[in-house]
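A.B. asks: Pasting a structure below so you can have a look.
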There are 2 protein chains.
Amino acid sequence: MANITKKVSWTSRGDDAGGGEGTPLLNGSEEVRYTRQLSGVGGMFHIGRLSTVDLEEDVTSDEEARPTKSQRYGSVSTYPGSLQDSPKGRPEEIPHNEKLLSLKFESLDYDSSENQLFLEEERRMSYLGFRCLEISRWVICGLIGFLTGLIACCIDIAVEKLAGVKYFVVKQNIEKFTEVGGLSISLILWAVLNSSLVMVGAITVAFIEPIAAGSGIPQIKCYLNGVKIPRVVRLKTLVVKVFGVICSVAGGLAVGKEGPMIHSGAVVAAGVSQGRSTSLKKDFKIFEYFRRDTEKRDFVSAGAAAGVSAAFGAPVGGVLFSLEEGASFWNQMLTWRIFFASMISTFTLNFFLSIYNNKPGDLSSPGLINFGRFESDSVAYNFYEIPLFIVMGAIGGLLGALFNKLNYWLTIFRIRYVHRPCLQVMEAMLVAAVTATVSFSMIYFSNDCQPLGPDQSEDYQLQLFCADGEYNSMATTFFNTPERSVRSLFHNPPGSYNPGTLGMFTVTYFFLACWTYGLAVSAGVFIPSLLIGAAWGRLFGILLPTVTIWADPGKYALIGAAAQLGGIVRMTLSLTVIMVEATGNVTYGLPIMLVLMTAKIVGDYFVEGLYDIHIKLQSVPFLHWEAPATSHWLTAREVMGAPVICFNRLEKVGTIVDILSNTSTNHNGFPVVIFTHPGKICGLILRSQLIVLLKHKVFVELARSRLTQRKLQLKDFRDAYPRFPPIQSIHVSQDERDCMMDLSEFMNPTPYTVPQETSLPRVFKLFRALGLRHLVVVDHDNRVVGLVTRKDLARYHLGKHGLEELQLAQT
Amino acid sequence: MANITKKVSWTSRGDDAGGGEGTPLLNGSEEVRYTRQLSGVGGMFHIGRLSTVDLEEDVTSDEEARPTKSQRYGSVSTYPGSLQDSPKGRPEEIPHNEKLLSLKFESLDYDSSENQLFLEEERRMSYLGFRCLEISRWVICGLIGFLTGLIACCIDIAVEKLAGVKYFVVKQNIEKFTEVGGLSISLILWAVLNSSLVMVGAITVAFIEPIAAGSGIPQIKCYLNGVKIPRVVRLKTLVVKVFGVICSVAGGLAVGKEGPMIHSGAVVAAGVSQGRSTSLKKDFKIFEYFRRDTEKRDFVSAGAAAGVSAAFGAPVGGVLFSLEEGASFWNQMLTWRIFFASMISTFTLNFFLSIYNNKPGDLSSPGLINFGRFESDSVAYNFYEIPLFIVMGAIGGLLGALFNKLNYWLTIFRIRYVHRPCLQVMEAMLVAAVTATVSFSMIYFSNDCQPLGPDQSEDYQLQLFCADGEYNSMATTFFNTPERSVRSLFHNPPGSYNPGTLGMFTVTYFFLACWTYGLAVSAGVFIPSLLIGAAWGRLFGILLPTVTIWADPGKYALIGAAAQLGGIVRMTLSLTVIMVEATGNVTYGLPIMLVLMTAKIVGDYFVEGLYDIHIKLQSVPFLHWEAPATSHWLTAREVMGAPVICFNRLEKVGTIVDILSNTSTNHNGFPVVIFTHPGKICGLILRSQLIVLLKHKVFVELARSRLTQRKLQLKDFRDAYPRFPPIQSIHVSQDERDCMMDLSEFMNPTPYTVPQETSLPRVFKLFRALGLRHLVVVDHDNRVVGLVTRKDLARYHLGKHGLEELQLAQT
């Protein structure tokens, strides 16, 4: 009885595992021992409310009163299902919570399934064939870079045009009403213009493709980490993203157009590398070799790098971003290709922008954002300034942590109460209107007038109530695209801004940006962060004792910008390089690094980075670089899912169909065992492969009767990739159910295995380094005893009280 | 009979494997099948003369007429031994050959041995303990950076001083004799000065520490790849290296002081991270946790990066160099630490140099080489110049290939005929004298006089036969340290050089540099390569039609330098970044990348990179990024070493001592099997661990009698690391030989295993990604059937005729 309970409860466990006739793995005493050890070192498991409740319901037999680990997760996973079945299933109860791990996300398989078909193809291929493949890879990377650059160019021009028209109209209006009075009309005009632009963008995003909201960086981080986020690299997402970002930036929100470029590049890469568009139902019959997760993920890395490169004119930074976020295995050729894509991307953008700006051949604006050049003819910075930089880094870390914490609460609020598309659109419009109003009042009440210099390059200067020949200083920050404001703060000569102006601006923009991030619009957080940081950094520089001759406020604006951005996103090496490349000056490398490091250390003390917060709130099973430090207590035996559903090498079709159709399990990988030696592993087969086999009716009996039947090829699997049909769409007749299927040729005959005693860090290392999706746990006789998947590893994390365990949820 | 032959022949196989009572793995028919398949696709094994000969001698039984794979390697490995036993064993026959793989190199173990002691220690450690370790790592990286920067500073100042004195004396002398005649005296003075400086350097290197010769980059590449090169990271090596490089650069050889910095940084890292110096017999009792291969290698990566950073003022380039050459697994925190070390290193150098130059606080000379800043106020380069850059890249690739080929022949010649230290010193002195003579004649016969500009910054200008107010243009390139010559070529205004001067200089310096590389002096090839490239690049720029207004010859000198360096060393991403950082200008990123890529493609068509050539000539078992493309034919069964010597979990001391003492095997890893199930794997134990166990007499019987005996701790293993005593130094009495040793606690209970059918690329990936040293091959019942080591994988490479196999040699 107890055994049955265990099996049933387990089989509803989740996505990536398998179950079958296994044995209980831990007896009570072992369990007790481990629990004791854990609490002994302060490593404490948080077995939450949910599992405890289910546990009591499940356990019926006395001798199983102490449930095994595997049972626990079994029981945990039954919770959300039952909740969804509960009356109404109200979305208020969506368990988006950083203490949960969602089971709805599937994993990507970075490890190729080296089955016979694959090996035969590889062996047939000559050396020349491999060379051709290599050349195709380069061509694809070139294309990715080119298209990404082109998209960046379109976004840039569209935003410039739209914003130009908008600011021109508003400026005219303001100038008209400044003299005659009635500036409230200008305010209304401005707010309405902003709101309508934002409305269009928000409607597209919220109603057509919600995944296109935000910067997309968390999603791409997850994808590169090996998590399949549904619809994230589709063509539709790209279109909505590009359109949305144009609307939101032109709509005057406190957002940047740079973050979304990373997502756009990734989508371009995923599309181009497959040589077809599933959405457009167009197959160019090229690049078929690349239709698998391994290759696709490599190209997506290149796409993301190309996106960074186009956004910031930072090709090396792009490569480092991709590597930092994604590629677990550093491969020289791959890196070189990624770099090529990045270079092509920034070059394409630069080339087309130079034509657009009527300066063909001038390659001086390599990215969407151009910080302007920091000239280095003077002494760049002095040794004695370094402590000041570190202080600024700490401030950046503090402010970043505050930003993240506020945004975290806001996001929780949004998940609970603002989940309907129409509400989301209304919130976005409200933010747009508020932004315009606040900006207007700040400009209106500011009396910081500055003389118009001969070399002022501001396009939209507002005179307002200033004397002739003067302009309103507050307006250069608020009445402008954020990119231009950053540049003004970096480069305007000392004295361009009053301390008061900068202080007011920092505070208001901080809250506006915090409110804006997470709205249902496509937008990035890079530029607003830089802008906030540049403002308080410049303020910091101004407030320094004037005896310090080296206190160029522009330099402090740069350091402040780095500190603030680092405090919010907590990127490290790649961000340093991006900042260095964007400023076009290597000299500031050390201070920027110091500042980013300080900001990260200070910020991490309080709260995680913004992207990580959002990933956690989505309950994504994200694998970090290493297993938690204190997890040597755990072994594969404890973390694995068990028992496992296994197939025989020669299996009845009916059994396969039944197991695949079982919606409560929904496993994706099944160990294949030898019939004569029960439980002894001889391979691993994926759900997707079984589906293709069923679809083509590769049954032993049919093969005998129809000798002329075409042999199944790798091409059939590739054609179905990546949207394998669901099992429900495959019809298997009653006769066919009695047929047998021979899996030998299609299974991966050499899956990686580990013994049960392997420690969690060791399992983790193997899993992470090779990008696995399933790792079979075997006993000393090579019998399958469990299966480790991404969720089993992602579940453990270091919390405030030592090692903690996340709960699994179906949503 | 046949069986015995096989066993005997095999046990002489090499370093990293193990052997014992195993079964023949391949029967004749399987072997035939695989051979057929291989030749079917043009993948051809070159079974060389040696193995064929031995094969005929070995095979005595008729039914074993087709030898198994394992036999073949067994037989191959007997060859060098027998050769050395041949009369005289003349060094002319040293089998340094790129078709051999030496067995004398051991592997580093990047995978921790997670035995019970280790796990217990990790489990005892609290979260705070791990934090402290992390902080120590940062401190160590800071120290590494600081010391590396300091060493670079010392080298720089010493070279400047020495070279300054030398050039001053020679210049005085030349000026004196220009008027009165008798310049041959000046020539002799110059030649003698150069030769004596070089002699001192060469004597130190050749007689005290030969491993300090050359740039050290190939050695560090090997170390980071996981090959233990004897004595490469010792303190003595560092001292000799630093001293040698000062002598050789001041001695006027065509060498640079940059390459050796990488080696120096690595030695510093290996020393500092261990908290002791074995050479000085000083143990500071700190950082004991880091006394194992895994941690040490991480720090050596940081040291190498710090070296690059100090050499070129390129911290990001340093990080990329380390990653490109070494770290197979990209770890965010590790990378960040490496970056920190690099930053500290460049900063330290800069700081001390600024004090030395009486400009304290001026942080504008971050590296040993300073290319000078390429200002970007003008249009940097035009779109239409890109084809020109590609042409230059191709030229660089061609010249680089020529350079490498010539140096390859020269190296072969040196290995055969110039192997005695005194001969090596004499060759170095000869090169120094020839360099001085050639330089002098070039200057003497040149009539390229240029007017002295007001802003000329050359320190050692020679007027020679030029009119007053003019100087000899050839002398700015030859009568100067190479670093200054490069800077002159980059930045001197158009018209500073005649085309003839540049042409002559390129040709002579090319051959001088080619002759110099590989001498028994510490010296790098970076700067000579850059100098050659800068010369012909500038020539290229001058010869362009003058209608092209954008033809600034300095820019072409930069591109030429990149092309030439890329053609010689074939580094990719890291070199791009190093060049960009050294020029302080991001704008040239794209052209430099294009040029490097073209140079690499063109060069690779002819011959490998210089470092790779030298690594191959040392027969180092170097693992590349991926298995050869066409190696899917091979499986673990074919590549593994078998049979394997295994130990029982409870093993007799006598057996262990005998096996360890067997000099013909000299294995380093032994699978541990379960006594009751012969051959069933339960762990893996290393030679070093066994030695420590024997030394401390950890025998079952003794433990029973002396209950108070201290339990062996991890500390005992760490104290012995890395120079474990040889087995011969451990005395085991006859009584003790009958004792038993329990290996359970010390073996790694969860070694990675693969089934026999695993394809070579899959084995390779696992091995490379995790940095393994031994990979156990098991059958379906988990019985040990073979062991894969580094040599088994490094043996296969893609040659001109498909897949080729290197032969194994004992030397």
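Ordered as shown in the structure tokens, chains take letters A, B, and onward, while each chain numbers its residues from 1 and ligands are numbered from 1 in the order shown.
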For A:His731, list every protein, DNA or RNA residue within 10 Å, evaluated using only C-alpha atoms, and leave out those in the same chain fewer than 5 positions away; present the list as a PDB file with N, CA and C atoms, in the first residue's frame.
C.D. replies:
ATOM      1  N   VAL A 657       2.724   4.703 -25.440  1.00  0.00           N
ATOM      2  CA  VAL A 657       1.680   5.715 -25.629  1.00  0.00           C
ATOM      3  C   VAL A 657       1.034   6.049 -24.300  1.00  0.00           C
ATOM      4  N   LEU A 694       6.684   7.316 -33.006  1.00  0.00           N
ATOM      5  CA  LEU A 694       5.269   6.940 -33.056  1.00  0.00           C
ATOM      6  C   LEU A 694       4.605   7.520 -34.298  1.00  0.00           C
ATOM      7  N   LYS A 695       4.971   8.751 -34.589  1.00  0.00           N
ATOM      8  CA  LYS A 695       4.360   9.431 -35.737  1.00  0.00           C
ATOM      9  C   LYS A 695       4.694   8.685 -37.031  1.00  0.00           C
ATOM     10  N   LYS A 697       5.438   5.613 -37.173  1.00  0.00           N
ATOM     11  CA  LYS A 697       5.069   4.215 -36.958  1.00  0.00           C
ATOM     12  C   LYS A 697       6.256   3.274 -37.193  1.00  0.00           C
ATOM     13  N   GLU A 736      -2.121  -1.489 -33.527  1.00  0.00           N
ATOM     14  CA  GLU A 736      -0.752  -0.982 -33.416  1.00  0.00           C
ATOM     15  C   GLU A 736      -0.261  -0.988 -31.973  1.00  0.00           C
TER      16      GLU A 736
END
A.B. asks: Go ahead and compute the interatomic distance for atom CA of A:Phe299 and atom CA of A:Gly149, in Å to one decimal.
C.D. replies: 15.7 Å
A.B. asks: Of the residues B:Lys555, B:Arg124, B:Lys652, B:Lys359, which is the one nearest to chain A, using only C-alpha atoms?
C.D. replies: B:Arg124
